[in-house]
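Visitor: Just structure-v5.pdb, nothing more (PDB, C-alpha atoms and all ligand atoms):
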ATOM      1  CA  MET E 106      63.652-158.593 -54.118
ATOM      2  CA  TYR E 107      60.844-160.951 -53.148
ATOM      3  CA  GLN E 108      57.775-160.696 -50.949
ATOM      4  CA  VAL E 109      58.199-162.695 -47.791
ATOM      5  CA  GLY E 110      54.418-163.036 -47.447
ATOM      6  CA  ASN E 111      53.313-165.647 -44.946
ATOM      7  CA  LEU E 112      56.550-167.602 -45.099
ATOM      8  CA  VAL E 113      57.982-166.235 -41.838
ATOM      9  CA  LYS E 114      54.747-167.011 -40.051
ATOM     10  CA  GLU E 115      54.610-170.526 -41.516
ATOM     11  CA  LEU E 116      58.240-171.207 -40.554
ATOM     12  CA  SER E 117      57.658-169.818 -37.056
ATOM     13  CA  ASP E 118      54.635-172.057 -36.651
ATOM     14  CA  LYS E 119      56.760-174.993 -37.731
ATOM     15  CA  HIS E 120      59.962-174.284 -35.748
ATOM     16  CA  GLY E 121      58.593-172.289 -32.823
ATOM     17  CA  ARG E 122      59.183-168.726 -31.694
ATOM     18  CA  GLU E 123      62.082-169.282 -29.296
ATOM     19  CA  ARG E 124      65.522-167.793 -29.841
ATOM     20  CA  GLU E 125      66.747-171.265 -30.951
ATOM     21  CA  SER E 126      64.250-171.170 -33.800
ATOM     22  CA  LEU E 127      66.098-168.314 -35.466
ATOM     23  CA  MET E 128      68.543-170.440 -37.468
ATOM     24  CA  PRO E 129      66.023-172.916 -38.905
ATOM     25  CA  ILE E 130      63.695-170.046 -39.811
ATOM     26  CA  LEU E 131      66.471-168.140 -41.605
ATOM     27  CA  GLN E 132      67.566-171.342 -43.351
ATOM     28  CA  GLY E 133      63.982-171.943 -44.441
ATOM     29  CA  ILE E 134      63.796-168.504 -46.019
ATOM     30  CA  VAL E 135      67.136-168.956 -47.807
ATOM     31  CA  GLN E 136      66.039-172.374 -49.037
ATOM     32  CA  LYS E 137      63.016-170.829 -50.669
ATOM     33  CA  HIS E 138      64.346-167.473 -51.853
ATOM     34  CA  ASN E 139      68.163-167.965 -51.934
ATOM     35  CA  TYR E 140      68.892-164.942 -49.772
ATOM     36  CA  LEU E 141      67.536-162.809 -46.940
ATOM     37  CA  THR E 142      66.121-159.383 -47.594
ATOM     38  CA  ASP E 143      66.044-156.646 -44.945
ATOM     39  CA  GLU E 144      62.275-156.971 -44.978
ATOM     40  CA  ALA E 145      62.454-160.701 -44.277
ATOM     41  CA  MET E 146      64.886-160.173 -41.379
ATOM     42  CA  VAL E 147      62.677-157.479 -39.845
ATOM     43  CA  GLU E 148      59.694-159.791 -40.170
ATOM     44  CA  VAL E 149      61.596-162.597 -38.411
ATOM     45  CA  ALA E 150      62.600-160.204 -35.621
ATOM     46  CA  ARG E 151      58.959-159.196 -35.170
ATOM     47  CA  GLU E 152      57.750-162.782 -35.170
ATOM     48  CA  LEU E 153      60.348-163.943 -32.598
ATOM     49  CA  ASP E 154      60.184-160.718 -30.613
ATOM     50  CA  ILE E 155      63.931-160.076 -30.834
ATOM     51  CA  SER E 156      65.827-157.135 -32.311
ATOM     52  CA  ALA E 157      66.419-156.836 -36.035
ATOM     53  CA  ALA E 158      70.096-156.269 -35.191
ATOM     54  CA  GLU E 159      70.234-159.710 -33.610
ATOM     55  CA  VAL E 160      68.714-161.297 -36.693
ATOM     56  CA  TYR E 161      71.081-159.411 -38.967
ATOM     57  CA  GLY E 162      74.052-160.301 -36.740
ATOM     58  CA  THR E 163      73.224-163.988 -36.968
ATOM     59  CA  ALA E 164      72.588-163.861 -40.713
ATOM     60  CA  SER E 165      75.819-162.036 -41.496
ATOM     61  CA  PHE E 166      77.896-164.317 -39.245
ATOM     62  CA  TYR E 167      76.970-167.436 -41.187
ATOM     63  CA  THR E 168      78.245-167.262 -44.739
ATOM     64  CA  PHE E 169      75.551-169.698 -45.851
ATOM     65  CA  LEU E 170      72.806-167.248 -44.943
ATOM     66  CA  ASP E 171      73.206-164.853 -47.816
ATOM     67  CA  THR E 172      71.909-161.350 -47.319
ATOM     68  CA  GLN E 173      72.340-160.432 -50.967
ATOM     69  CA  LEU E 174      70.982-161.925 -54.131
ATOM     70  CA  LYS E 175      73.475-164.426 -55.470
ATOM     71  CA  GLY E 176      73.964-166.094 -58.821
ATOM     72  CA  LYS E 177      72.422-169.374 -59.891
ATOM     73  CA  TYR E 178      75.644-171.119 -58.863
ATOM     74  CA  VAL E 179      77.277-169.946 -55.659
ATOM     75  CA  ILE E 180      80.920-170.984 -55.542
ATOM     76  CA  ARG E 181      82.178-171.061 -51.960
ATOM     77  CA  VAL E 182      85.926-171.379 -51.648
ATOM     78  CA  CYS E 183      87.182-172.559 -48.282
ATOM     79  CA  LYS E 184      89.561-169.990 -46.820
ATOM     80  CA  THR E 185      90.480-171.887 -43.660
ATOM     81  CA  ILE E 186      94.054-172.867 -42.890
ATOM     82  CA  THR E 187      94.364-176.312 -44.498
ATOM     83  CA  CYS E 188      92.880-175.141 -47.776
ATOM     84  CA  SER E 189      94.942-171.964 -47.620
ATOM     85  CA  MET E 190      98.124-173.990 -47.225
ATOM     86  CA  LYS E 191      97.144-176.389 -50.019
ATOM     87  CA  GLY E 192      96.674-173.834 -52.761
ATOM     88  CA  LYS E 193      93.375-172.066 -52.186
ATOM     89  CA  GLY E 194      94.982-168.879 -53.550
ATOM     90  CA  ASP E 195      95.594-170.501 -56.956
ATOM     91  CA  ILE E 196      92.004-171.735 -57.014
ATOM     92  CA  ILE E 197      90.682-168.244 -56.323
ATOM     93  CA  HIS E 198      92.877-166.733 -59.052
ATOM     94  CA  THR E 199      91.726-169.330 -61.551
ATOM     95  CA  LEU E 200      88.067-168.701 -60.706
ATOM     96  CA  GLU E 201      88.469-164.930 -60.845
ATOM     97  CA  ASP E 202      90.190-165.186 -64.235
ATOM     98  CA  MET E 203      87.577-167.501 -65.682
ATOM     99  CA  LEU E 204      84.536-165.686 -64.363
ATOM    100  CA  LYS E 205      85.974-162.149 -64.683
ATOM    101  CA  ILE E 206      84.788-161.277 -61.199
ATOM    102  CA  LYS E 207      86.427-160.859 -57.798
ATOM    103  CA  VAL E 208      85.549-162.626 -54.558
ATOM    104  CA  GLY E 209      82.252-161.217 -53.296
ATOM    105  CA  GLU E 210      80.930-160.508 -56.792
ATOM    106  CA  THR E 211      78.374-162.049 -59.137
ATOM    107  CA  THR E 212      78.753-162.357 -62.892
ATOM    108  CA  ALA E 213      76.708-159.927 -64.999
ATOM    109  CA  ASP E 214      74.491-162.760 -66.251
ATOM    110  CA  ASN E 215      73.745-163.819 -62.652
ATOM    111  CA  GLN E 216      75.097-167.304 -63.289
ATOM    112  CA  PHE E 217      77.972-167.384 -60.789
ATOM    113  CA  SER E 218      78.777-165.796 -57.452
ATOM    114  CA  LEU E 219      82.194-166.227 -55.906
ATOM    115  CA  VAL E 220      82.555-166.111 -52.124
ATOM    116  CA  GLU E 221      84.962-167.335 -49.489
ATOM    117  CA  THR E 222      83.763-169.433 -46.600
ATOM    118  CA  ASN E 223      85.093-171.037 -43.462
ATOM    119  CA  CYS E 224      85.952-174.738 -43.305
ATOM    120  CA  ILE E 225      83.426-176.912 -45.113
ATOM    121  CA  GLY E 226      84.620-180.166 -43.594
ATOM    122  CA  TRP E 227      86.772-181.452 -46.461
ATOM    123  CA  CYS E 228      90.146-180.499 -44.945
ATOM    124  CA  HIS E 229      91.531-184.010 -45.586
ATOM    125  CA  LYS E 230      90.974-183.386 -49.298
ATOM    126  CA  ALA E 231      91.979-179.731 -49.459
ATOM    127  CA  PRO E 232      91.695-177.424 -51.247
ATOM    128  CA  ALA E 233      87.943-177.666 -51.418
ATOM    129  CA  ILE E 234      85.035-175.647 -52.731
ATOM    130  CA  LEU E 235      81.276-175.976 -52.789
ATOM    131  CA  ILE E 236      79.164-175.109 -55.793
ATOM    132  CA  ASN E 237      75.743-174.740 -54.270
ATOM    133  CA  GLU E 238      75.517-177.954 -52.218
ATOM    134  CA  MET E 239      78.081-179.975 -54.203
ATOM    135  CA  PRO E 240      81.624-180.328 -52.806
ATOM    136  CA  TYR E 241      84.684-180.457 -55.104
ATOM    137  CA  THR E 242      87.947-181.459 -53.506
ATOM    138  CA  GLU E 243      91.691-181.921 -54.061
ATOM    139  CA  LEU E 244      91.466-179.122 -56.558
ATOM    140  CA  THR E 245      94.112-177.859 -58.904
ATOM    141  CA  PRO E 246      93.728-174.899 -61.263
ATOM    142  CA  GLU E 247      93.266-177.389 -64.118
ATOM    143  CA  LYS E 248      90.627-179.381 -62.278
ATOM    144  CA  VAL E 249      88.642-176.319 -61.243
ATOM    145  CA  THR E 250      88.790-174.992 -64.825
ATOM    146  CA  GLU E 251      87.163-178.192 -66.098
ATOM    147  CA  ILE E 252      84.499-178.070 -63.381
ATOM    148  CA  ILE E 253      83.545-174.484 -64.168
ATOM    149  CA  LYS E 254      83.489-175.189 -67.922
ATOM    150  CA  ASP E 255      80.921-177.900 -67.218
ATOM    151  CA  TYR E 256      78.775-175.488 -65.217
ATOM    152  CA  MET E 257      79.009-172.917 -67.978
ATOM    153  CA  GLN E 258      77.411-175.415 -70.328
ATOM    154  CA  LYS E 259      74.505-176.269 -68.022
TER     155      LYS E 259
HETATM  156  S1  LIG H   1      90.132-176.167 -44.136
HETATM  157 FE1  LIG H   1      89.157-176.164 -46.068
HETATM  158  S2  LIG H   1      87.679-177.711 -45.890
HETATM  159 FE2  LIG H   1      88.500-177.557 -43.898
END
Since I need it in another form, could you write the structure as structure tokens?
Ligand code: FES
Guide:
Amino acid sequence: MYQVGNLVKELSDKHGRERESLMPILQGIVQKHNYLTDEAMVEVARELDISAAEVYGTASFYTFLDTQLKGKYVIRVCKTITCSMKGKGDIIHTLEDMLKIKVGETTADNQFSLVETNCIGWCHKAPAILINEMPYTELTPEKVTEIIKDYMQK
């Protein structure tokens, strides 16, 4: 839990207080604090004069706008059709085995969160994942094991 302080006001001054400003404001909060608290979403609703339900609806629709605290490394596994057909299931199983968590969970040491996401634009090199901002593509269970081992040593 963090204090949103003046951040919502600063972001609203920067992006404006129109309905279209909602996304950049939410992204700005996530950039700074990694996720959106209820308090932050209520504050955004107040600042833009829209309902908190609308803010929450937008935030929960976009998987990149986390509404829960996530680990240091957020692993987003593409669940869209090309990746699904090219072995996304094996990638998920490998990650769950290595990290000892299920999709939607965070490791006890807060290092890794594992989530599924819609297409991340690497369909031509499926299956693909993102670890924070970094894409990893054409994955196999062996390849993803090596990648995660590297992150474990960081
Ligand atoms: S379908 Fe997975 S990256 Fe597009």
Visitor: Could you give me, as a list in words, every polymer residue with an atom at most 9 Å away from an atom of ligand LIG 1 (chain H), counting all atoms listed in the file?
Guide: Val182, Cys183, Lys184, Thr185, Ile186, Thr187, Cys188, Ser189, Met190, Lys191, Lys193, Thr222, Asn223, Cys224, Ile225, Gly226, Trp227, Cys228, His229, Lys230, Ala231, Pro232, Ala233, Ile234 and Thr242 of chain E
Visitor: Would you compute the distance between CA of Thr212 in chain E and CA of Gly110 in chain E? Give it in Å to one decimal.
Guide: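 Calculated distance between CA of Thr212 in chain E and CA of Gly110 in chain E is 28.8 Å.
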Visitor: Near Phe217 in chain E, within 10 Å and counting only C-alpha atoms, which residues show up once chain neighbours fewer than 6 positions away are dropped, as number ranges by chain?
Guide: E: 175-180, 204, 206, 210-211, 236, 253, 256-257
Visitor: Residues of range 166-209 of chain E that have any atom at most 9 Å from an atom of range 153-162 of chain E: could you tabulate them with the shortest-distance atom pair and the distance in Å to one decimal, using all atoms listed in the file, ordered by chain and increasing number, as a Markdown table?
Guide:
| residue | atom | partner | partner_atom | distance |
| --- | --- | --- | --- | --- |
| E:Phe166 | CA | E:Gly162 | CA | 6.1 |
| E:Tyr167 | CA | E:Gly162 | CA | 8.9 |
| E:Thr172 | CA | E:Tyr161 | CA | 8.6 |
Visitor: Enclose the full set of atoms of range 224-229 of chain E listed in the file within a box whose edges lie along x, y and z, apply 5 Å of padding to each of the six sides, and report centre and edge lengths in Å to one decimal as JSON.
Guide:
{"center_x": 87.5, "center_y": -179.4, "center_z": -44.9, "size_x": 18.1, "size_y": 19.3, "size_z": 13.2}
Visitor: How many Å lie between CA of Gln132 in chain E and CA of Leu170 in chain E, rounded to one decimal?
Guide: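 Between CA of Gln132 in chain E and CA of Leu170 in chain E the gap is 6.8 Å.
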Visitor: Convert the output of the PyMOL selection byres (((chain E and resi 171) around 9) and not hetatm) on the shown file into explicit residues, formatted as a ChimeraX atom specification.
Guide: /E:135,139-142,164-165,167-170,172-175
Visitor: Output the selection as a compact mmCIF listing (two decimals), in the coordinates of the input - C-alpha atoms for each residue.
Guide:
# COMPACT_ATOMS: atom_id res chain seq x y z
CA VAL E 135 67.14 -168.96 -47.81
CA ASN E 139 68.16 -167.96 -51.93
CA TYR E 140 68.89 -164.94 -49.77
CA LEU E 141 67.54 -162.81 -46.94
CA THR E 142 66.12 -159.38 -47.59
CA ALA E 164 72.59 -163.86 -40.71
CA SER E 165 75.82 -162.04 -41.50
CA TYR E 167 76.97 -167.44 -41.19
CA THR E 168 78.24 -167.26 -44.74
CA PHE E 169 75.55 -169.70 -45.85
CA LEU E 170 72.81 -167.25 -44.94
CA THR E 172 71.91 -161.35 -47.32
CA GLN E 173 72.34 -160.43 -50.97
CA LEU E 174 70.98 -161.93 -54.13
CA LYS E 175 73.47 -164.43 -55.47
Visitor: Go through E:Leu244, E:Met203, E:Val109, E:Ile252 one by one, measure the shortest atom-to-atom distance of each to Asp143 in chain E using only C-alpha atoms, and give the residue with the smallest value.
Guide: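 For Asp143 in chain E, the nearest of the candidates is E:Val109.
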Visitor: Which residue out of E:Asp214, E:Glu221, E:Asp118, E:Glu125 has the minimum interatomic distance to Thr163 in chain E when all atoms listed in the file are used?
Guide: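 Ranked by minimum distance to Thr163 in chain E, first place goes to E:Glu125.
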Visitor: Please indicate the distance in Å from CA of Lys254 in chain E to CA of Leu200 in chain E, rounded to one decimal place.
Guide: 10.7 Å
Visitor: Apply the PyMOL selection byres (((chain E and resi 113) around 9) and not hetatm) to the file shown and report the selected residues as a PyMOL selection string.
Guide: chain E and resi 109-112+114-118+130-131+133-134+145+148-149+152
Visitor: So which one's closest to Glu238 in chain E, E:Arg181, E:Lys137, E:Lys205, E:Arg122? Using only C-alpha atoms, please.
Guide: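 Among the listed residues, the smallest separation from Glu238 in chain E belongs to E:Arg181.
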Visitor: Of the candidates E:Thr245, E:Leu235, E:Val220, E:Ala213, which one gets nearest to Asp195 in chain E if we count only C-alpha atoms?
Guide: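 Residue with the minimum atom-to-atom distance to Asp195 in chain E: E:Thr245.
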